[in-house]
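J.: Let me begin by handing over the structure; questions about it come next.
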Amino acid sequence: MTEEERVKKWSRGISEMDELSMDEKKTVCHQAAVQMVILWGAIEIVVVSFLIWVAFQYPEIIPGFNRITDLVNSNFEHSGTRAKRMGAIIVSLPALLLLIAAVSIPMIAVFVGCRKHLVRRAAGKLSHQWRMETDLKMTRGITVTDIKRGIELLQDDKIQYLIVSPPFEIEGSLFMQTAHEKGNLFTIEVSRRENNGSVIYEQKEQTKEQVLHAIQGYINRKIVPDTGNWKKIASFESVPKEVLKNVYWMFNEIIYVSTNTFSHDVMEYIEDNHKNWHPGEMAVEAEKIYIIFEAFIIGKEALLANEYVTDISTLEEKCKIDGLFQTDIAALLFADNGKYFTNEELLMKIHNQIAGKNLGNHMFFEGLEKCNPLEGIPCYCVLLGS
């Protein structure tokens, strides 16, 4: 089992993990594994201490332990070959049942009883932290030092943008973003909720000190700059009718882990994407959405855990063509930050969802169109072309 497969298995049924990236899920699972080992070790110490206490309280059982030791030693005394050693182990197993139980039962109990709780708790802590996104990586649990370092990277043109997102809305704001203009001047943008959507305000020619002051106030004092004199550069419906209509892409079998790698591949796919692809911009303001796409599958067993067929009658035997069913599949996607999807996050999740599926001749992405909600959740149809 690969690390990714183990992460997916441990994440199953834990909604807090749906908001995290694969790297963050690996971190959570590693933390949970370390905690389980520590807990198991503590239980083993208690068990061993109890056995030692019993031995002192009831000395008559010590000869019994000595007989077990002598039996195991005699079984291994003449086991010179590998086959004989295996035989000695098998013969000794009944005598070692108490020791095996003392080791394995606490380990199984910790794994079965505590794994989900530890994973859920670690994921919950991670998802409720401030996050900083750049075109290179995403960092949670940020400090002012991280912001200063990020602004320095912006000024040196080592990154193209920096987005700071709170774990909850601040005065109707979901994020603050900055980019380098020239010298010591930066552009700063902030989102604000207005009416039934969000508006992005921009202020140019801000010094590094002004940008840092605004972000520090955003993080430390939970305030948003006064945007009365700022320029309104974009207005979004919470759930727009069309998304990514001018971005071109072809689905394939590659599963992407890095948004940076995926964004680079989208940019290089076709020249038009150089001007139309804006990876860090907000695509849909929703914590989760359904997508619907058409594919050819062998049956329900081909569906992933977050998928279902919208019309079960399409899986009737009479609908099978060359051993496959042509059907519409609905898949539930969760935003990493629990509030909105960026363009690169949404398209990468759609790609990974569809990767490897039989789309017939329609493997080219042509955008998303809003359709009727499913279970009260916003829904988009994936437009596919040939």
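Residue numbers start at 1 in each chain; chains themselves are named A, B, ... in the order of the structure tokens; ligands are numbered from 1 in the order shown.
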Any idea what's packed within 12 Å of Thr145 (chain A), counting only C-alpha atoms, ignoring anything in its chain fewer than 6 positions away? Could you give it as a list in words?
T.: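 Returned residues: Met132, Ile151, Glu152, Leu212, Ile215 and Gln216 of chain A.
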J.: Determine, counting only C-alpha atoms, which protein, DNA and RNA residues have an atom within 6 Å of an atom of region 171-185 of chain A; residues of the same chain fewer than 3 positions away are not included. Present the result as a list in words.
T.: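 Near neighbours after the sequence-gap exclusion: Leu154, Gln155, Tyr161, Leu162, Ile163, Val164, Ser165, Ile188, Glu189, Val190, Ser191, Arg192, Arg193, Glu205, Gln206, Thr207 and Lys208 of chain A.
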J.: Please provide as a VMD selection string all residues within 9 Å of Ala102 (chain A), with the sequence filter that same-chain residues fewer than 4 positions apart are discarded (counting only C-alpha atoms).
T.: chain A and resid 44 47 to 48 97 to 98 106
J.: Could you list, as a PyMOL selection string, every residue within 10 Å of Leu347 (chain A), counting only C-alpha atoms and ignoring same-chain residues fewer than 6 positions away?
T.: chain A and resi 243-244+247+249+259+262-263+266+279+283+341+353+365+367-368
J.: Run DSSP on the backbone of this structure and report the residues of region 105-242 of chain A it assigns to strand (DSSP E), as a ChimeraX atom specification.
T.: /A:131-134,138-140,162-165,176-182,185-194,197-207,231-237,242
J.: May I ask which of the residues A:Ile312, A:Leu324, A:Met282, A:Lys241 is the closest one to Glu369 (chain A), counting only C-alpha atoms?
T.: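 With only C-alpha atoms as the atom set, the closest residue is A:Lys241.
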J.: Excluding same-chain residues fewer than 5 positions from Glu307 (chain A), what lies within 12 Å of it counting only C-alpha atoms, as a list of chain:residue names?
T.: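 In the requested format, the answer is A:Tyr290, A:Ile291, A:Ile292, A:Phe293, A:Lys300, A:Glu301, A:Ala302, A:Asp328, A:Ile329, A:Ala330, A:Ala331, A:Leu332, A:Leu333, A:Gln353, A:Ile354.
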J.: Convert the current residue selection to file output with C-alpha atoms, as an mmCIF file, in the first residue's frame.
T.:
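So the final result, stored in out14.cif, reads:
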data_model
loop_
_atom_site.group_PDB
_atom_site.id
_atom_site.type_symbol
_atom_site.label_atom_id
_atom_site.label_comp_id
_atom_site.auth_asym_id
_atom_site.auth_seq_id
_atom_site.Cartn_x
_atom_site.Cartn_y
_atom_site.Cartn_z
ATOM 1 C CA TYR A 290 -21.311 18.917 -6.960
ATOM 2 C CA ILE A 291 -19.996 18.449 -10.474
ATOM 3 C CA ILE A 292 -21.762 16.299 -13.078
ATOM 4 C CA PHE A 293 -19.951 14.753 -16.034
ATOM 5 C CA LYS A 300 -21.368 0.968 -9.959
ATOM 6 C CA GLU A 301 -18.166 -0.740 -8.802
ATOM 7 C CA ALA A 302 -16.194 1.741 -10.936
ATOM 8 C CA ASP A 328 -23.954 10.964 -15.865
ATOM 9 C CA ILE A 329 -21.883 10.897 -12.683
ATOM 10 C CA ALA A 330 -22.222 13.385 -9.807
ATOM 11 C CA ALA A 331 -19.147 13.974 -7.613
ATOM 12 C CA LEU A 332 -18.994 16.020 -4.406
ATOM 13 C CA LEU A 333 -15.973 18.344 -4.061
ATOM 14 C CA GLN A 353 -11.886 13.255 -10.343
ATOM 15 C CA ILE A 354 -12.159 12.503 -14.055
#
J.: Considering only C-alpha atoms, return as a VMD selection string whatever protein or nucleic-acid residues lie within 12 Å of Met138 (chain A), sequence-local ones (same chain, fewer than 3 positions apart) excluded.
T.: chain A and resid 20 to 24 130 to 135 141 to 142 146 150 161 to 165 258 to 260 280 336 to 337 345
J.: Go ahead and save the picked residues with C-alpha atoms, as a PDB file, in the first residue's frame.
T.:
ATOM      1  CA  LEU A  20      -7.178  19.459   3.158  1.00  0.00           C
ATOM      2  CA  SER A  21      -4.658  18.973   0.375  1.00  0.00           C
ATOM      3  CA  MET A  22      -2.844  15.653  -0.055  1.00  0.00           C
ATOM      4  CA  ASP A  23       0.314  17.013   1.615  1.00  0.00           C
ATOM      5  CA  GLU A  24      -1.746  18.229   4.578  1.00  0.00           C
ATOM      6  CA  TRP A 130      -4.828  31.012   8.982  1.00  0.00           C
ATOM      7  CA  ARG A 131      -3.339  30.064   5.622  1.00  0.00           C
ATOM      8  CA  MET A 132      -1.012  31.710   3.137  1.00  0.00           C
ATOM      9  CA  GLU A 133      -1.059  30.717  -0.517  1.00  0.00           C
ATOM     10  CA  THR A 134       1.478  31.562  -3.212  1.00  0.00           C
ATOM     11  CA  ASP A 135       2.000  30.196  -6.703  1.00  0.00           C
ATOM     12  CA  GLY A 141      -0.663  28.242  10.853  1.00  0.00           C
ATOM     13  CA  ILE A 142       1.198  31.294   9.554  1.00  0.00           C
ATOM     14  CA  ASP A 146       5.961  34.071   7.334  1.00  0.00           C
ATOM     15  CA  GLY A 150       6.570  36.043   1.592  1.00  0.00           C
ATOM     16  CA  TYR A 161       1.218  36.518  -5.696  1.00  0.00           C
ATOM     17  CA  LEU A 162       0.499  36.017  -2.000  1.00  0.00           C
ATOM     18  CA  ILE A 163      -2.975  35.321  -0.600  1.00  0.00           C
ATOM     19  CA  VAL A 164      -3.846  35.369   3.106  1.00  0.00           C
ATOM     20  CA  SER A 165      -7.086  33.581   4.097  1.00  0.00           C
ATOM     21  CA  SER A 258       0.926  19.851  -6.666  1.00  0.00           C
ATOM     22  CA  THR A 259      -1.279  22.775  -7.705  1.00  0.00           C
ATOM     23  CA  ASN A 260       1.869  24.530  -8.898  1.00  0.00           C
ATOM     24  CA  GLY A 280      -5.375  32.289  -7.657  1.00  0.00           C
ATOM     25  CA  ASP A 336      -9.610  23.324   0.851  1.00  0.00           C
ATOM     26  CA  ASN A 337     -10.265  26.437   2.918  1.00  0.00           C
ATOM     27  CA  GLU A 345      -8.005  24.210  -6.993  1.00  0.00           C
TER      28      GLU A 345
END
J.: Just the residues within 8 Å of region 110-116 of chain A, please, counting only C-alpha atoms, with nothing from its chain fewer than 5 positions along; format it as a list in words.
T.: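 With the cut-off at 8 Å, the set is Trp10, Ile14, Ala32, Ala33, Met36, Leu39 and Trp40 of chain A.
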J.: Identify which of the residues A:Ile298, A:Ile233, A:Leu374, A:Ile289 lies closest to Gly338 (chain A), counting only C-alpha atoms when measuring atom-to-atom distances.
T.: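 Closest to Gly338 (chain A), using only C-alpha atoms: A:Ile289.
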J.: Rank A:Thr227, A:Thr327, A:Ser11, A:Thr342 by their smallest atom-to-atom distance to Tyr308 (chain A), using only C-alpha atoms, and report the top residue only.
T.: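 Of all the options, A:Thr327 lies closest to Tyr308 (chain A).
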J.: Just list as a ChimeraX atom specification whatever in region 102-200 of chain A DSSP marks as alpha helix (DSSP H).
T.: /A:102-127,144-155
J.: Mind pulling up the distance from CA of Ile38 (chain A) to CA of Ala55 (chain A)?
T.: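 Between CA of Ala55 (chain A) and CA of Ile38 (chain A) the gap is 25.7 Å.
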J.: In Å, rounded to a single decimal, give me how far CA of Asp156 (chain A) is from CA of Gly217 (chain A).
T.: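 So the answer is 23.9 Å.
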J.: For a test of reading the model, state the distance in Å between CA of Lys245 (chain A) and CA of Glu366 (chain A), rounded to one decimal.
T.: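 It comes out at 6.1 Å.
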